[in-house]
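Engineer: Supplied structure: entry.txt, compact mmCIF, C-alpha atoms.
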```
# COMPACT_ATOMS: atom_id res chain seq x y z
CA MET Z 1 13.66 -7.02 -17.16
CA LYS Z 2 10.33 -8.69 -17.79
CA PHE Z 3 11.49 -10.00 -21.21
CA LYS Z 4 14.71 -11.38 -19.74
CA LEU Z 5 12.74 -13.14 -17.03
CA LEU Z 6 10.43 -14.58 -19.68
CA ILE Z 7 13.34 -15.93 -21.78
CA ALA Z 8 15.07 -17.39 -18.73
CA SER Z 9 11.89 -19.07 -17.50
CA ILE Z 10 11.10 -20.63 -20.87
CA GLY Z 11 14.68 -21.72 -21.35
CA ILE Z 12 14.79 -23.47 -17.99
CA PHE Z 13 11.43 -25.12 -18.64
CA LEU Z 14 12.41 -26.43 -22.06
CA LEU Z 15 15.84 -27.55 -21.00
CA ALA Z 16 14.33 -29.44 -18.08
CA SER Z 17 11.71 -30.97 -20.38
CA THR Z 18 14.34 -32.17 -22.87
CA ALA Z 19 17.08 -33.03 -20.38
CA THR Z 20 17.14 -36.69 -21.46
CA TYR Z 21 17.86 -35.68 -25.04
CA ALA Z 22 20.04 -32.61 -24.39
CA GLU Z 23 23.17 -34.30 -25.74
CA ASP Z 24 21.42 -34.68 -29.13
CA PHE Z 25 21.00 -30.90 -29.61
CA SER Z 26 23.51 -28.16 -30.27
CA LYS Z 27 23.28 -24.82 -28.47
CA ALA Z 28 21.94 -23.18 -31.62
CA GLU Z 29 19.23 -25.85 -32.01
CA ILE Z 30 18.12 -25.42 -28.39
CA GLU Z 31 17.94 -21.64 -28.90
CA ASN Z 32 15.79 -22.16 -31.99
CA ILE Z 33 13.45 -24.46 -30.05
CA ILE Z 34 13.04 -21.77 -27.38
CA LYS Z 35 12.39 -19.06 -29.99
CA GLU Z 36 9.80 -21.20 -31.78
CA TYR Z 37 8.07 -22.02 -28.51
CA ILE Z 38 7.86 -18.35 -27.57
CA ALA Z 39 6.60 -17.42 -31.03
CA ASP Z 40 3.83 -20.02 -30.79
CA ASN Z 41 2.88 -19.37 -27.16
CA GLY Z 42 4.10 -15.86 -26.41
CA LYS Z 43 0.72 -14.32 -25.62
CA GLU Z 44 -0.21 -16.99 -23.09
CA ILE Z 45 3.26 -16.94 -21.55
CA SER Z 46 3.25 -13.13 -21.23
CA LEU Z 47 -0.20 -13.18 -19.64
CA SER Z 48 0.88 -15.82 -17.12
CA LEU Z 49 3.96 -13.80 -16.27
CA ASP Z 50 1.88 -10.63 -15.87
CA ARG Z 51 -0.38 -12.48 -13.44
CA TYR Z 52 2.59 -13.78 -11.50
CA ILE Z 53 4.22 -10.34 -11.21
CA THR Z 54 0.92 -8.64 -10.29
CA GLN Z 55 0.20 -11.20 -7.58
CA ALA Z 56 3.76 -10.97 -6.23
CA GLN Z 57 3.48 -7.17 -5.98
CA ARG Z 58 0.07 -7.43 -4.35
CA ASP Z 59 1.31 -9.98 -1.82
CA ALA Z 60 4.25 -7.73 -0.95
CA ALA Z 61 1.92 -4.74 -0.45
CA GLU Z 62 -0.48 -6.82 1.62
CA ARG Z 63 2.32 -7.85 3.98
CA THR Z 64 2.97 -4.20 4.89
CA ILE Z 65 -0.58 -3.95 6.28
CA MET Z 66 -0.08 -5.18 9.82
CA ASP Z 67 -2.66 -6.23 12.38
CA HIS Z 68 -2.56 -2.75 13.89
CA SER Z 69 -2.94 -0.91 10.56
CA PRO Z 70 -6.22 0.99 10.11
CA ALA Z 71 -7.84 -0.50 7.01
CA ILE Z 72 -11.17 -0.62 5.20
CA GLY Z 73 -11.87 -3.63 3.01
CA ASN Z 74 -11.56 -7.38 3.32
CA ALA Z 75 -9.53 -10.37 2.19
CA ASP Z 76 -11.52 -10.54 -1.05
CA SER Z 77 -10.64 -6.98 -2.11
CA LEU Z 78 -9.13 -6.98 -5.59
CA VAL Z 79 -6.63 -4.20 -4.92
CA THR Z 80 -4.64 -2.90 -1.94
CA PHE Z 81 -4.24 0.88 -1.62
CA ILE Z 82 -1.89 2.12 1.11
CA GLU Z 83 -1.45 5.78 2.04
CA TYR Z 84 1.56 6.97 4.04
CA GLY Z 85 0.83 10.34 5.64
CA ASP Z 86 1.72 12.97 8.21
CA TYR Z 87 -1.03 15.03 9.87
CA ARG Z 88 1.13 18.17 9.60
CA CYS Z 89 1.62 17.72 5.85
CA GLY Z 90 -0.31 20.23 3.74
CA TYR Z 91 -0.09 18.03 0.63
CA CYS Z 92 -1.54 15.14 2.61
CA LYS Z 93 -4.49 17.29 3.63
CA ARG Z 94 -5.01 18.36 0.02
CA VAL Z 95 -5.84 14.80 -1.09
CA GLN Z 96 -8.13 13.82 1.80
CA LYS Z 97 -11.42 14.69 0.09
CA ASP Z 98 -10.34 12.54 -2.83
CA MET Z 99 -9.31 9.73 -0.48
CA LYS Z 100 -12.80 9.72 1.02
CA LYS Z 101 -14.39 9.76 -2.45
CA LEU Z 102 -12.23 6.81 -3.48
CA ARG Z 103 -13.17 4.80 -0.39
CA ASN Z 104 -16.85 5.42 -1.14
CA LYS Z 105 -16.48 4.71 -4.86
CA TYR Z 106 -14.71 1.37 -4.67
CA GLY Z 107 -16.14 -0.18 -1.52
CA ASN Z 108 -14.88 -3.72 -0.98
CA LYS Z 109 -13.19 -3.87 -4.40
CA VAL Z 110 -10.25 -2.05 -2.82
CA LYS Z 111 -8.69 -2.38 0.63
CA PHE Z 112 -7.65 1.08 1.81
CA ALA Z 113 -5.07 1.31 4.58
CA PHE Z 114 -3.35 4.23 6.29
CA LYS Z 115 0.19 4.07 7.64
CA PHE Z 116 1.87 6.74 9.72
CA LEU Z 117 4.94 8.61 8.57
CA PRO Z 118 5.26 11.49 11.08
CA ILE Z 119 8.42 13.18 9.84
CA LEU Z 120 7.72 16.91 9.91
CA SER Z 121 7.54 17.81 13.60
CA GLU Z 122 6.90 16.68 17.14
CA GLU Z 123 3.23 17.50 16.55
CA SER Z 124 3.32 14.99 13.70
CA ARG Z 125 4.45 12.25 16.07
CA LEU Z 126 1.97 13.13 18.83
CA SER Z 127 -0.88 13.28 16.32
CA ALA Z 128 0.03 9.85 14.96
CA LEU Z 129 0.03 8.38 18.48
CA ALA Z 130 -3.36 9.97 19.14
CA ALA Z 131 -4.86 8.59 15.91
CA MET Z 132 -3.54 5.12 16.71
CA ALA Z 133 -5.06 5.39 20.19
CA ALA Z 134 -8.42 6.25 18.56
CA HIS Z 135 -7.98 3.15 16.38
CA LYS Z 136 -7.79 1.06 19.55
CA GLN Z 137 -11.39 2.09 20.21
CA GLY Z 138 -12.51 1.38 16.64
CA LYS Z 139 -12.80 5.03 15.62
CA PHE Z 140 -9.68 5.67 13.60
CA TRP Z 141 -11.40 6.98 10.47
CA GLU Z 142 -13.57 9.41 12.45
CA TYR Z 143 -10.51 10.73 14.28
CA HIS Z 144 -8.51 10.75 11.06
CA GLU Z 145 -10.99 13.07 9.32
CA LYS Z 146 -11.15 15.40 12.30
CA MET Z 147 -7.37 15.67 12.39
CA TRP Z 148 -7.29 17.07 8.86
CA GLU Z 149 -10.03 19.53 9.75
CA ASN Z 150 -7.94 20.70 12.73
CA GLN Z 151 -4.55 20.64 11.02
CA SER Z 152 -3.92 24.36 11.49
CA ARG Z 153 -4.43 23.97 15.26
CA LEU Z 154 -2.24 20.92 15.89
CA GLY Z 155 0.47 23.19 17.25
CA GLU Z 156 -1.76 23.74 20.28
CA GLY Z 157 -0.88 20.21 21.42
CA ASP Z 158 -2.89 18.06 23.80
CA LYS Z 159 -5.81 20.46 23.96
CA VAL Z 160 -6.73 19.78 20.33
CA LEU Z 161 -6.00 16.05 20.43
CA VAL Z 162 -8.21 15.53 23.49
CA ARG Z 163 -10.98 17.76 22.18
CA VAL Z 164 -11.19 15.72 18.98
CA ALA Z 165 -11.34 12.53 21.06
CA GLU Z 166 -14.25 13.98 23.04
CA GLU Z 167 -16.07 15.12 19.89
CA ILE Z 168 -16.15 11.61 18.42
CA GLY Z 169 -17.15 9.96 21.69
CA LEU Z 170 -13.94 8.22 22.74
CA ASP Z 171 -13.27 7.05 26.26
CA VAL Z 172 -10.81 9.87 26.96
CA ASP Z 173 -9.11 8.18 29.93
CA ARG Z 174 -8.40 5.11 27.83
CA PHE Z 175 -7.39 7.31 24.88
CA ASN Z 176 -4.81 9.15 27.00
CA LYS Z 177 -3.47 5.91 28.41
CA ASP Z 178 -3.13 4.28 25.00
CA ARG Z 179 -1.43 7.20 23.27
CA ALA Z 180 1.18 7.30 26.03
CA SER Z 181 1.81 3.55 25.88
CA THR Z 182 4.92 1.85 24.53
CA ALA Z 183 2.68 -0.49 22.50
CA VAL Z 184 1.13 2.34 20.46
CA GLU Z 185 4.51 4.00 20.07
CA ALA Z 186 5.97 0.75 18.73
CA GLU Z 187 3.14 0.40 16.20
CA VAL Z 188 3.74 3.90 14.85
CA TYR Z 189 7.45 3.23 14.60
CA ASP Z 190 6.77 -0.02 12.74
CA ASP Z 191 5.09 2.10 10.07
CA ILE Z 192 8.08 4.43 9.93
CA ALA Z 193 10.42 1.43 9.56
CA ASP Z 194 8.30 0.06 6.71
CA ALA Z 195 8.44 3.40 4.93
CA ARG Z 196 12.20 3.56 5.29
CA ALA Z 197 12.54 0.01 3.96
CA LEU Z 198 10.59 1.09 0.87
CA GLY Z 199 12.77 4.16 0.44
CA ILE Z 200 9.88 6.57 1.11
CA ARG Z 201 11.27 9.98 2.02
CA GLY Z 202 8.23 12.24 1.96
CA THR Z 203 4.47 12.43 2.29
CA PRO Z 204 1.98 11.77 0.96
CA TYR Z 205 3.07 8.49 -0.59
CA PHE Z 206 0.78 5.82 -2.00
CA VAL Z 207 1.28 2.15 -2.80
CA ILE Z 208 -1.33 0.69 -5.14
CA ASP Z 209 -0.90 -3.08 -5.38
CA GLY Z 210 2.84 -2.69 -4.96
CA GLU Z 211 3.25 0.27 -7.33
CA GLY Z 212 4.50 3.39 -5.57
CA GLN Z 213 3.18 6.90 -6.28
CA SER Z 214 4.85 9.89 -4.66
CA GLY Z 215 3.06 13.15 -3.95
CA ALA Z 216 -0.48 14.48 -4.16
CA GLN Z 217 -2.21 13.14 -7.28
CA LYS Z 218 -5.42 14.34 -8.87
CA TYR Z 219 -8.59 12.32 -8.25
CA GLN Z 220 -8.84 11.08 -11.83
CA SER Z 221 -5.21 9.96 -11.72
CA PHE Z 222 -6.00 7.79 -8.70
CA VAL Z 223 -9.09 6.41 -10.46
CA LYS Z 224 -7.03 5.52 -13.52
CA LEU Z 225 -4.37 3.78 -11.42
CA ILE Z 226 -6.91 1.85 -9.35
CA ASP Z 227 -8.95 0.80 -12.39
CA ALA Z 228 -5.78 -0.48 -14.06
CA ALA Z 229 -4.89 -2.43 -10.92
CA ILE Z 230 -8.40 -3.91 -10.75
CA ALA Z 231 -8.22 -4.92 -14.41
CA ALA Z 232 -4.85 -6.57 -13.83
CA ALA Z 233 -6.18 -8.42 -10.79
CA GLN Z 234 -9.16 -9.72 -12.78
CA ARG Z 235 -7.09 -11.10 -15.64
```
I need this file expressed as structure tokens, please.
Structural biologist:
Amino acid sequence: MKFKLLIASIGIFLLASTATYAEDFSKAEIENIIKEYIADNGKEISLSLDRYITQAQRDAAERTIMDHSPAIGNADSLVTFIEYGDYRCGYCKRVQKDMKKLRNKYGNKVKFAFKFLPILSEESRLSALAAMAAHKQGKFWEYHEKMWENQSRLGEGDKVLVRVAEEIGLDVDRFNKDRASTAVEAEVYDDIADARALGIRGTPYFVIDGEGQSGAQKYQSFVKLIDAAIAAAQR
């Protein structure tokens, strides 16, 4: 696909550049000109195309991080790392220590964002609404970590969700109001719609500068993927 795009791009460029003289060349001669140009400039052309594709993927990933999305990083971050998760998902919980290590390791080099995909149960949905309500008070990541610690007790319902809110110092009245609001519900469902548009069917799922990774990965696998994305962004 990439090679075909390269040939098409060069062909269009050269044909446009020689449009005035096109009638003087046969099809075979034009093809030879394109081949010679690629042979002489292939490395530079390939690098430019790599940069274009990488930036296009990164821009597409960045657009899925909405104003309401919990995120750590800034506009100057080299790489965008998006996690789709469900608080009832055991595989999601398995990678959380590594997620925290990655956020600490890369700092502002990587923008880390979390998007909700509550697909396993009603507790999944209620937990997502609660975490988004905590985000409204600027304490998503604190609530997020506590939710994984309390995963085995999420079936107890409101009692656990409210207790976690109290433990991290949220305004509980506001928390309860927000998690019951149509606005918070709409934000969670926006995340679900994004996941469906990407064809994501399970959790955890990760998007690293536009490249999707399904399932729980090992820490070093994430490091390798992120380092490759950083290297590509720096080229």
Engineer: Considering only C-alpha atoms, can you say which of Z:Asp227, Z:Asp67, Z:Asp209, Z:Glu187 comes closest to Z:Arg125?
Structural biologist: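 Nearest to Z:Arg125: Z:Glu187.
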Engineer: Enter the distance from atom CA of Z:Ser121 to atom CA of Z:Val160, in Å, rounded to one decimal.
Structural biologist: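 The value is 15.9 Å.
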Engineer: Grab the atom CA of Z:Glu149 to atom CA of Z:Lys93 distance for me, in Å with one decimal place.
Structural biologist: 8.6 Å
Engineer: Would you kindly return, as a compact mmCIF listing (two decimals) with C-alpha atoms, in the frame of the given file, each protein, DNA or RNA residue with an atom no farther than 10 Å from any atom of Z:Glu167, considering only C-alpha atoms and excluding same-chain residues fewer than 5 positions away?
Structural biologist:
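Contents of part_24.txt, freshly written:
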```txt
# COMPACT_ATOMS: atom_id res chain seq x y z
CA GLU Z 142 -13.57 9.41 12.45
CA TYR Z 143 -10.51 10.73 14.28
CA LYS Z 146 -11.15 15.40 12.30
CA VAL Z 162 -8.21 15.53 23.49
```
Engineer: Quick one: residues within 8 Å of stretch 130-140 of chain Z, only C-alpha atoms, excluding same-chain residues fewer than 4 positions away - as a PyMOL selection string?
Structural biologist: chain Z and resi 70+126+144+161+165+168+170+175-176+178-179+184+188
Engineer: I want to know what sits within 9 Å of Z:Ile208, based on all atoms listed in the file, with residues of the same chain fewer than 4 positions away left out; could you give that as a list in words?
Structural biologist: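 Here the answer would be Arg58, Ala61, Val79, Thr80, Phe81, Ile82, Glu83, Gly212, Gln213, Leu225, Ile226 and Ala229 of chain Z.
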Engineer: In Å to one decimal, how far is atom CA of Z:Asp86 from atom CA of Z:Ile119?
Structural biologist: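 If I compute the distance from atom CA of Z:Ile119 to atom CA of Z:Asp86, I get 6.9 Å.
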Engineer: Given only C-alpha atoms as the basis, pick out the residue of Z:Arg88, Z:Lys115, Z:Lys100, Z:Lys105 nearest to Z:Ile192.
Structural biologist: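 Using only C-alpha atoms, the shortest distance to Z:Ile192 belongs to Z:Lys115.
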Engineer: Nearest to Z:Leu102: which of Z:Ser77, Z:Ser69, Z:Thr182, Z:Gln220 is it, counting only C-alpha atoms?
Structural biologist: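 Answer, going by the shortest atom-to-atom distance: Z:Gln220.
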Engineer: Applying 8 Å and all atoms listed in the file, which residues near Z:Ser214 remain after dropping the ones on its own chain fewer than 5 positions away? List them as a list in words.
Structural biologist: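 Returned residues: Gly202, Thr203, Pro204, Tyr205 and Phe206 of chain Z.
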